[in-house]
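What follows is target-v1.cif (mmCIF, C-alpha atoms).
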```cif
data_my_file
loop_
_atom_site.label_atom_id
_atom_site.label_comp_id
_atom_site.auth_asym_id
_atom_site.auth_seq_id
_atom_site.Cartn_x
_atom_site.Cartn_y
_atom_site.Cartn_z
CA MET H 1 100.62 96.35 60.88
CA ASN H 2 104.26 97.39 60.55
CA LEU H 3 103.93 99.51 63.68
CA LEU H 4 102.51 96.60 65.64
CA GLY H 5 105.30 94.34 64.42
CA LYS H 6 107.88 96.87 65.60
CA ASP H 7 106.17 97.03 68.97
CA ILE H 8 106.40 93.25 69.33
CA ARG H 9 110.07 93.22 68.41
CA PHE H 10 110.65 96.01 70.93
CA LEU H 11 108.86 94.07 73.65
CA ASN H 12 110.69 90.85 72.90
CA GLY H 13 114.07 92.53 72.52
CA LEU H 14 114.19 95.05 75.35
CA CYS H 15 111.36 95.05 77.84
CA TRP H 16 110.89 91.44 78.81
CA GLU H 17 113.52 88.88 79.52
CA PRO H 18 112.73 85.32 80.66
CA SER H 19 112.73 84.95 84.40
CA VAL H 20 115.90 83.51 85.91
CA PHE H 21 113.84 81.67 88.47
CA GLY H 22 111.54 79.81 86.08
CA ASP H 23 108.53 80.40 88.31
CA SER H 24 105.60 78.41 86.94
CA ASP H 25 103.21 78.84 89.86
CA SER H 26 101.04 81.38 88.01
CA LEU H 27 101.47 80.20 84.45
CA GLY H 28 98.57 80.81 82.09
CA PRO H 29 97.55 78.38 79.31
CA HIS H 30 100.09 80.00 76.98
CA GLY H 31 102.87 79.01 79.39
CA VAL H 32 103.47 82.59 80.44
CA SER H 33 102.97 84.57 83.62
CA ALA H 34 102.97 88.14 84.81
CA THR H 35 106.71 87.86 85.40
CA THR H 36 107.63 86.47 81.98
CA VAL H 37 106.33 87.28 78.51
CA GLY H 38 102.52 87.53 78.67
CA VAL H 39 102.61 91.00 77.11
CA SER H 40 104.58 89.78 74.10
CA VAL H 41 102.26 86.82 73.54
CA LEU H 42 99.19 89.06 73.62
CA ALA H 43 100.88 91.39 71.10
CA GLN H 44 101.71 88.43 68.85
CA ASP H 45 98.13 87.13 69.02
CA LEU H 46 96.79 90.56 68.09
CA LEU H 47 99.11 90.65 65.10
CA ASN H 48 97.98 87.17 64.07
CA PHE H 49 94.35 88.22 64.45
CA GLU H 50 94.91 91.24 62.22
CA ILE H 51 96.28 88.94 59.53
CA THR H 52 93.95 85.92 59.89
CA SER H 53 90.91 87.23 61.86
CA LYS H 54 91.26 84.16 64.08
CA VAL H 55 91.36 84.25 67.88
CA PRO H 56 93.84 81.96 69.73
CA GLU H 57 93.00 78.31 70.16
CA GLY H 58 91.99 77.37 73.67
CA LEU H 59 90.56 80.76 74.61
CA THR H 60 87.01 79.32 74.52
CA ASN H 61 87.91 77.12 77.51
CA HIS H 62 88.48 80.22 79.65
CA VAL H 63 85.60 82.51 78.71
CA VAL H 64 81.82 82.15 78.54
CA SER H 65 80.97 84.07 75.35
CA SER H 66 80.88 82.72 71.82
CA SER H 67 83.66 82.74 69.22
CA LYS H 68 81.83 85.53 67.43
CA ALA H 69 81.99 87.66 70.58
CA GLN H 70 85.67 86.85 71.02
CA THR H 71 86.31 88.12 67.49
CA ARG H 72 84.76 91.46 68.45
CA TRP H 73 87.02 91.69 71.53
CA TYR H 74 90.19 91.17 69.50
CA ARG H 75 89.08 93.68 66.90
CA LYS H 76 88.68 96.28 69.66
CA LEU H 77 91.99 95.30 71.29
CA VAL H 78 93.91 95.65 68.00
CA VAL H 79 92.63 99.21 67.64
CA ALA H 80 93.32 100.08 71.28
CA TRP H 81 96.84 98.61 71.13
CA LYS H 82 97.71 100.61 68.02
CA GLU H 83 96.30 103.83 69.47
CA SER H 84 98.15 103.49 72.79
CA ASN H 85 101.24 105.65 72.94
CA PRO H 86 103.46 103.99 73.92
CA PRO H 87 102.09 100.44 73.63
CA PRO H 88 101.90 98.41 76.86
CA LYS H 89 105.30 97.24 78.06
CA THR H 90 104.39 95.62 81.37
CA PRO H 91 101.73 93.11 82.49
CA GLU H 92 100.01 95.83 84.52
CA GLU H 93 99.84 98.17 81.53
CA ALA H 94 98.50 95.40 79.28
CA SER H 95 95.95 94.39 81.90
CA ARG H 96 94.71 97.96 82.25
CA LEU H 97 94.40 98.30 78.48
CA VAL H 98 92.28 95.13 78.32
CA LEU H 99 90.11 96.26 81.22
CA GLN H 100 89.54 99.70 79.71
CA THR H 101 88.85 98.37 76.21
CA LEU H 102 86.46 95.63 77.33
CA LYS H 103 84.90 97.42 80.32
CA LYS H 104 81.35 96.92 78.97
CA HIS H 105 81.76 93.18 78.56
CA GLN H 106 81.06 90.42 81.07
CA LYS H 107 83.40 90.23 84.04
CA ALA H 108 83.90 86.47 83.56
CA ASP H 109 85.01 87.02 79.97
CA VAL H 110 87.44 89.81 80.78
CA GLU H 111 89.03 87.99 83.71
CA GLY H 112 89.17 84.77 81.67
CA LEU H 113 91.03 86.61 78.92
CA LEU H 114 93.51 88.08 81.42
CA ALA H 115 94.08 84.68 83.02
CA PHE H 116 94.63 83.15 79.55
CA TYR H 117 97.67 85.42 79.12
CA GLY H 118 98.83 85.27 82.74
CA LEU H 119 98.10 89.00 83.16
CA PRO H 120 97.16 90.55 86.52
CA LEU H 121 93.49 90.39 87.50
CA PRO H 122 91.75 93.64 88.52
CA HIS H 123 91.94 93.08 92.28
CA THR H 124 95.72 92.54 92.15
CA LEU H 125 96.61 95.81 90.40
CA VAL H 126 98.51 98.29 92.58
CA GLU H 127 97.25 101.86 92.34
CA THR H 128 100.01 104.45 92.34
CA ALA H 129 100.00 108.13 91.47
CA GLY H 130 103.33 108.25 89.67
CA GLU H 131 103.29 107.92 85.89
CA VAL H 132 105.83 106.06 83.80
CA PRO H 133 107.57 108.73 81.71
CA VAL H 134 107.07 108.41 77.96
CA ALA H 135 110.00 110.64 77.01
CA LEU H 136 113.15 110.74 79.12
CA PRO H 137 112.75 113.36 81.90
CA GLN H 138 115.13 116.28 82.12
CA GLY H 139 118.46 115.31 83.68
CA VAL H 140 118.41 111.65 82.61
CA LYS H 141 121.74 110.66 81.07
CA PHE H 142 120.60 107.27 79.77
CA GLU H 143 118.27 104.38 80.57
CA PHE H 144 118.56 100.61 80.57
CA HIS H 145 116.47 97.51 81.21
CA THR H 146 117.82 94.91 83.60
CA LEU H 147 117.85 91.17 83.64
CA PRO H 148 115.53 89.70 86.33
CA VAL H 149 116.74 90.81 89.74
CA ASP H 150 117.94 88.34 92.36
CA ALA H 151 116.61 89.21 95.85
CA ARG H 152 120.13 88.65 97.21
CA ALA H 153 121.33 91.57 95.08
CA VAL H 154 119.32 94.03 97.18
CA THR H 155 121.93 95.60 99.47
CA ASP H 156 119.57 97.72 101.59
CA GLY H 157 116.34 99.69 101.30
CA ASP H 158 117.70 102.01 98.61
CA GLY H 159 120.43 100.01 96.86
CA ILE H 160 120.51 97.13 94.37
CA THR H 161 123.09 95.39 92.20
CA VAL H 162 121.63 94.75 88.75
CA TYR H 163 122.85 93.31 85.46
CA VAL H 164 122.22 94.41 81.87
CA ARG H 165 122.71 92.32 78.75
CA THR H 166 125.76 93.35 76.76
CA SER H 167 123.64 92.82 73.64
CA ASP H 168 121.78 95.98 74.64
CA PRO H 169 122.59 98.56 71.91
CA ARG H 170 124.21 100.97 74.37
CA GLU H 171 126.24 98.30 76.14
CA LEU H 172 127.42 96.52 73.01
CA CYS H 173 130.00 99.14 72.12
CA LEU H 174 131.23 99.50 75.73
CA VAL H 175 132.37 95.93 76.44
CA PRO H 176 136.18 95.86 76.82
CA GLN H 177 137.92 93.67 74.29
CA GLU H 178 139.57 91.60 77.03
CA VAL H 179 136.12 90.79 78.46
CA GLN H 180 134.84 89.69 75.06
CA ILE H 181 137.87 87.44 74.57
CA ALA H 182 137.58 85.99 78.09
CA ALA H 183 133.88 85.25 77.53
CA VAL H 184 134.62 83.34 74.31
CA GLU H 185 137.51 81.42 75.87
CA ARG H 186 135.40 80.61 78.93
CA SER H 187 132.66 79.18 76.72
CA GLU H 188 135.21 77.04 74.88
CA ALA H 189 136.79 75.82 78.13
CA HIS H 190 133.36 74.97 79.49
CA ALA H 191 132.52 73.01 76.33
CA ARG H 192 135.62 70.83 76.71
CA ARG H 193 134.80 70.44 80.44
CA ASP H 194 137.89 72.32 81.60
CA PHE H 195 135.97 73.84 84.49
CA THR H 196 139.05 75.07 86.35
CA ARG H 197 140.04 77.19 83.35
CA ALA H 198 136.43 78.31 82.81
CA ASP H 199 136.12 79.42 86.45
CA ALA H 200 139.40 81.34 86.29
CA LEU H 201 138.25 83.17 83.16
CA HIS H 202 134.91 83.95 84.79
CA GLU H 203 136.71 85.47 87.76
CA SER H 204 138.58 87.80 85.40
CA ILE H 205 135.26 88.76 83.80
CA ILE H 206 133.76 89.50 87.23
CA GLU H 207 136.76 91.62 88.21
CA ALA H 208 136.15 93.73 85.10
CA GLY H 209 132.55 94.43 86.20
CA TYR H 210 130.77 91.81 84.12
CA ARG H 211 129.32 88.36 84.74
CA VAL H 212 128.05 85.38 82.77
CA ILE H 213 124.50 84.70 83.97
CA ASN H 214 122.33 81.70 83.18
CA VAL H 215 118.90 82.85 82.02
CA GLN H 216 116.67 79.83 81.47
CA ASN H 217 119.49 77.63 80.21
CA GLU H 218 121.01 80.40 78.10
CA GLU H 219 124.35 81.93 79.13
CA VAL H 220 124.24 85.71 78.94
CA LEU H 221 127.20 88.09 79.28
CA ALA H 222 125.95 91.00 81.39
CA ARG H 223 127.35 94.22 82.79
CA LYS H 224 127.08 94.94 86.50
CA TYR H 225 125.57 98.18 87.79
CA GLN H 226 125.37 99.19 91.44
CA ILE H 227 122.40 101.51 91.68
CA ARG H 228 121.03 103.81 94.35
CA LEU H 229 117.41 104.92 94.38
CA ARG H 230 117.24 108.65 93.75
CA GLY H 231 115.43 110.90 96.20
CA ILE H 232 114.94 108.49 99.12
CA ASP H 233 117.07 107.40 102.06
CA ALA H 234 116.21 104.12 103.78
CA PRO H 235 117.38 103.06 107.25
CA GLU H 236 120.83 101.48 107.32
CA GLY H 237 120.98 97.77 108.05
CA GLU H 238 122.01 98.29 111.69
CA MET H 239 119.21 100.78 112.32
CA PRO H 240 115.62 100.03 113.35
CA TYR H 241 113.61 99.10 110.25
CA GLY H 242 116.80 98.57 108.25
CA LYS H 243 116.00 94.90 107.65
CA GLU H 244 112.34 95.62 106.97
CA ALA H 245 113.22 98.23 104.34
CA LYS H 246 115.65 95.86 102.62
CA ASP H 247 113.10 93.03 102.63
CA GLU H 248 110.38 95.30 101.23
CA LEU H 249 112.55 96.43 98.33
CA ALA H 250 113.54 92.82 97.63
CA LYS H 251 109.86 91.82 97.57
CA ILE H 252 109.10 94.56 95.02
CA VAL H 253 111.92 93.80 92.56
CA GLU H 254 112.63 90.07 92.95
CA GLY H 255 112.49 88.27 89.63
CA LYS H 256 111.49 91.45 87.79
CA CYS H 257 113.06 93.24 84.84
CA LEU H 258 113.47 96.89 85.83
CA ARG H 259 113.39 100.04 83.76
CA VAL H 260 116.18 102.23 85.12
CA LEU H 261 116.64 105.95 84.43
CA VAL H 262 120.19 107.06 85.27
CA TYR H 263 120.79 110.64 86.45
CA GLY H 264 124.45 110.37 87.42
CA GLU H 265 126.82 108.77 89.94
CA ASP H 266 127.38 109.33 93.64
CA ARG H 267 130.74 109.42 95.42
CA TYR H 268 130.64 105.63 95.82
CA ASN H 269 130.40 105.16 92.02
CA ARG H 270 126.80 103.99 92.25
CA SER H 271 124.37 105.04 89.53
CA VAL H 272 121.73 107.38 91.00
CA VAL H 273 118.47 106.28 89.42
CA ASP H 274 114.71 106.25 89.24
CA ILE H 275 113.33 102.71 88.95
CA TYR H 276 110.12 101.43 87.41
CA CYS H 277 109.04 97.86 88.10
CA ASN H 278 106.03 96.55 86.14
CA GLY H 279 105.06 100.16 85.48
CA ILE H 280 105.26 101.11 89.16
CA PHE H 281 107.58 103.84 90.47
CA VAL H 282 109.59 102.00 93.13
CA GLN H 283 110.50 105.08 95.20
CA GLU H 284 106.80 105.87 95.51
CA LEU H 285 106.07 102.43 96.95
CA MET H 286 108.94 102.65 99.44
CA LEU H 287 107.80 106.06 100.70
CA LYS H 288 104.12 105.11 100.88
CA LYS H 289 104.95 101.97 102.85
CA GLY H 290 106.97 104.00 105.34
CA MET H 291 110.25 102.31 104.47
CA ALA H 292 112.29 105.42 103.65
CA TRP H 293 112.67 109.17 104.10
CA HIS H 294 112.43 111.70 101.31
CA TYR H 295 116.09 112.68 100.89
CA THR H 296 115.49 116.43 100.76
CA ALA H 297 119.19 117.32 100.78
CA TYR H 298 119.44 115.95 97.23
CA ASP H 299 115.86 115.89 95.94
CA LYS H 300 113.15 118.56 95.94
CA ARG H 301 110.33 116.71 94.17
CA ALA H 302 107.02 117.69 95.75
CA GLU H 303 105.39 114.32 95.14
CA LEU H 304 108.07 112.52 97.17
CA ALA H 305 107.54 114.94 100.06
CA LYS H 306 103.79 114.32 99.87
CA TRP H 307 104.18 110.52 99.93
CA GLU H 308 106.42 110.72 102.99
CA LYS H 309 104.02 113.11 104.73
CA ASN H 310 101.09 110.76 104.14
CA ALA H 311 103.04 107.78 105.50
CA ARG H 312 103.97 109.80 108.60
CA ALA H 313 100.32 110.71 109.16
CA LYS H 314 99.27 107.06 108.90
CA ARG H 315 102.19 105.95 111.14
CA VAL H 316 103.08 103.11 108.80
CA GLY H 317 106.45 101.39 108.65
CA LEU H 318 109.24 103.23 110.43
CA TRP H 319 106.81 106.06 111.31
CA ALA H 320 105.23 103.76 113.90
CA SER H 321 108.18 104.84 116.08
CA PRO H 322 107.63 108.21 117.80
CA ASN H 323 110.96 109.72 116.78
CA PRO H 324 112.86 107.62 114.22
CA GLU H 325 116.41 108.71 113.60
CA GLU H 326 117.30 109.93 110.12
CA PRO H 327 119.85 107.68 108.38
CA TRP H 328 121.98 110.66 107.29
CA GLU H 329 122.35 111.72 110.94
CA TRP H 330 123.17 108.14 111.91
CA ARG H 331 125.88 107.97 109.24
CA LYS H 332 127.26 111.37 110.26
CA ASN H 333 127.69 110.30 113.88
CA LYS H 334 129.28 107.05 112.79
CA ARG H 335 131.77 108.90 110.53
CA GLU H 336 132.66 111.36 113.29
CA GLY H 337 133.30 108.53 115.72
CA ASN H 338 130.70 109.69 118.19
CA GLY H 339 129.11 106.95 120.22
CA LEU H 340 125.43 106.58 119.44
CA LEU H 341 123.84 104.94 122.43
CA SER H 342 120.14 104.12 122.27
CA LEU H 343 118.64 102.57 125.38
CA SER H 344 115.07 102.71 124.10
CA ALA H 345 115.12 99.17 122.72
CA LEU H 346 116.15 97.38 125.91
CA PRO H 347 114.63 93.94 126.52
CA ARG H 348 111.23 94.48 128.09
CA SER H 349 111.93 92.27 131.06
CA THR H 350 111.43 92.79 134.75
CA ASN H 351 114.33 94.32 136.70
CA SER H 352 116.52 94.97 133.64
CA ARG H 353 119.39 97.24 134.67
CA ILE H 354 122.08 99.39 133.17
CA CYS H 355 124.58 99.61 135.99
CA HIS H 356 127.48 101.78 134.89
CA ILE H 357 127.94 104.02 131.87
CA SER H 358 130.85 106.43 132.13
CA GLN H 359 133.16 108.62 130.13
CA LEU H 360 131.11 108.45 126.95
CA SER H 361 130.67 111.05 124.25
CA GLY H 362 127.92 111.38 121.69
CA ILE H 363 124.15 111.24 121.61
CA TYR H 364 122.29 109.19 124.18
CA ASN H 365 118.62 108.30 124.21
CA VAL H 366 117.36 106.60 127.35
CA SER H 367 113.72 107.43 126.76
CA GLN H 368 110.69 105.19 126.81
CA LEU H 369 112.07 102.38 128.93
CA SER H 370 109.01 100.18 129.18
CA SER H 371 109.98 97.44 131.63
CA THR H 372 109.08 97.32 135.30
CA ASN H 373 111.81 98.50 137.69
CA SER H 374 114.23 99.38 134.89
CA ARG H 375 117.16 101.23 136.41
CA ILE H 376 120.02 103.33 135.15
CA CYS H 377 122.25 103.20 138.19
CA HIS H 378 125.29 105.28 137.41
CA ILE H 379 125.85 107.64 134.50
CA SER H 380 128.79 109.93 135.10
CA GLN H 381 131.24 112.14 133.30
CA LEU H 382 129.24 112.17 130.09
CA ARG H 383 129.77 114.64 127.29
CA GLY H 384 127.13 115.33 124.67
CA ILE H 385 123.36 115.45 124.30
CA TYR H 386 121.17 113.42 126.63
CA ASN H 387 117.50 112.61 126.61
CA VAL H 388 116.31 110.89 129.78
CA SER H 389 112.69 111.94 129.46
CA GLN H 390 109.48 109.94 129.23
CA LEU H 391 110.52 107.00 131.38
CA SER H 392 107.23 105.16 131.23
CA SER H 393 107.66 102.19 133.54
CA THR H 394 106.71 101.79 137.16
CA ASN H 395 109.48 102.69 139.59
CA SER H 396 111.95 103.55 136.83
CA ARG H 397 114.91 105.34 138.36
CA ILE H 398 117.97 107.23 137.23
CA TYR H 399 120.67 107.15 139.90
CA ASN H 400 123.64 109.50 140.01
CA VAL H 401 123.49 111.36 136.72
CA SER H 402 126.36 113.75 137.33
CA GLN H 403 128.77 116.12 135.65
CA LEU H 404 126.74 116.43 132.45
CA SER H 405 128.14 119.10 130.17
CA SER H 406 124.94 119.77 128.22
CA THR H 407 121.64 121.25 129.32
CA ASN H 408 118.85 118.76 130.04
#
```

Translate this structure into structure tokens?
Amino acid sequence: MNLLGKDIRFLNGLCWEPSVFGDSDSLGPHGVSATTVGVSVLAQDLLNFEITSKVPEGLTNHVVSSSKAQTRWYRKLVVAWKESNPPPKTPEEASRLVLQTLKKHQKADVEGLLAFYGLPLPHTLVETAGEVPVALPQGVKFEFHTLPVDARAVTDGDGITVYVRTSDPRELCLVPQEVQIAAVERSEAHARRDFTRADALHESIIEAGYRVINVQNEEVLARKYQIRLRGIDAPEGEMPYGKEAKDELAKIVEGKCLRVLVYGEDRYNRSVVDIYCNGIFVQELMLKKGMAWHYTAYDKRAELAKWEKNARAKRVGLWASPNPEEPWEWRKNKREGNGLLSLSALPRSTNSRICHISQLSGIYNVSQLSSTNSRICHISQLRGIYNVSQLSSTNSRIYNVSQLSSTN
């Protein structure tokens, strides 16, 4: 019983924070959902059952079997919960434990029990190959659990700004004294309705890398971390599929508390991390959905290479394009000041024309023009690499391509 109690305190204290957004669309009868504290409530009910042998009130309204049968379920679940190592920390993990433990019972009972706690139903569970590490993997410097993520904090397909409670044991001793003082003074100024003073103090807190965040009507002092997903490289915002990659990552993490394993920092002072969201390895999802490359220059994990290879074979996401440009090459050309001219995404209209391109340097792709009578009328004095192959439209023409310094 002591072990179970510790597990509950761990869940309440570290793994699950109330959602910032207060989403009640999928609330179960306990007033919880898969994005709030359903796991903790199930753990508490199992503890209560172990003490009293009573199942929760109201469960009968959601299942078809008798109270005697429900007692047998909870007896099995108490044993399974204690034997799990570690105990479930996410709604998906708790749902899988229930499904495995009660797999021989009626489907209506099992799904009713899951719905009672706001846990994911079987058909909504995402199957992934990656496992959540029990012990910290080699190379991890530390880990933390975030407050619920705001979708607006997703900077691109491999970057997020997250916040961590300063009450976290690791963070508690790292808060600068001036930030602690400013937070107290801000609270006092806010209480006496001196909002100008409170805002000024909050600005000083933000400048120091912290922020006061409202979490379901509770003000929380939190530390800011800019994190970069380790081992993947998503298209930049200005590149094809840049927006799609950003939106996909936002969809995965929005409103969720993330488990973050920190391996170090990059040259932009971002934490380089592996991220787990509801027990799912986020990099795996991004690669499988075709929203990122495996960043082989910095990561040699075979499973990441396999997930990218499978997405390429299925031509999903950015792999639907015949020859997508790698983001590291795109950034290199941008840094070196070379013009990167892609004419492959021209409006697919009749008689579209590019009339005069001259004295340019860089990489030029004028392939796959798909409109009727597209014309490139005058390209002269170019320096660099040129691809003018595979013009697929009727009567496409290239006029006066002269003085090219590269072989094509």

Subject >> Counting all atoms listed in the file, the residue of H:Leu258, H:Ala292, H:Ala108, H:Ala313 that sits nearest Asn61 in chain H >> reply: H:Ala108

Original post:
Using only C-alpha atoms, which residues sit within 12 Å of Gly317 in chain H once same-chain residues fewer than 3 positions away are excluded, as a count of residues only?
Top reply: 28

**OP:** Check what the PyMOL selection byres ((chain H and resi 156-169) around 9) selects in the file above and give those residues as a PyMOL selection string.
**Re:** chain H and resi 13-14+144-155+170-175+210-211+213+220-230+232-237+242-250+258+270+283+286+291-292

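Distances to Leu201 in chain H were evaluated for H:Asp299, H:Glu111, H:Glu188, H:Asp266 using all atoms listed in the file, and the minimum falls at H:Glu188.
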
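Minimum distance to Thr90 in chain H across H:Lys256, H:Lys68, H:Arg197, H:Lys76 (counting all atoms listed in the file) occurs at H:Lys256.
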
**OP:** Calculate how many Å separate CA of Val64 in chain H from CA of Asp109 in chain H, rounding to one decimal.
**Re:**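 Going from CA of Val64 in chain H over to CA of Asp109 in chain H, I get 6.0 Å.
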
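Counting all atoms listed in the file, the residue from H:Pro56, H:Pro122, H:Gly209, H:Gly231 that sits nearest to Glu284 in chain H is H:Gly231.
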
Original post:
If you measure from CA of Leu77 in chain H to CA of Asp45 in chain H, what distance in Å do you get, rounded to one decimal?
Top reply: 10.5 Å

**OP:** Using the chain letters and residue numbers of this document, give as number ranges by chain the residues selected by the PyMOL selection byres ((chain H and resi 113-116) around 7).
**Re:** H: 28-30, 59, 62-63, 95, 109-112, 117-121

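Residue nearest Arg331 in chain H, chosen from H:Met239, H:Ile51, H:Val253, H:Leu97 and counting only C-alpha atoms: H:Met239.
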
Subject >> Residue with smallest distance to Gly58 in chain H - pool H:Cys257, H:Gln70, H:Lys104, H:Lys141, counting only C-alpha atoms >> reply: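 Looking at the shortest contact to Gly58 in chain H, the residue is H:Gln70.
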
Original post:
What is the distance, in Å and to one decimal place, between CA of Leu136 in chain H and CA of Leu261 in chain H?
Top reply: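 According to the coordinates, CA of Leu136 in chain H and CA of Leu261 in chain H are separated by 8.0 Å.
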
**OP:** Report as JSON, numbers by chain the residues that result from applying the PyMOL selection byres ((chain H and resi 182) around 8) to the structure here.
**Re:** {"H": [178, 179, 180, 181, 183, 184, 185, 186, 201, 202, 204, 205]}
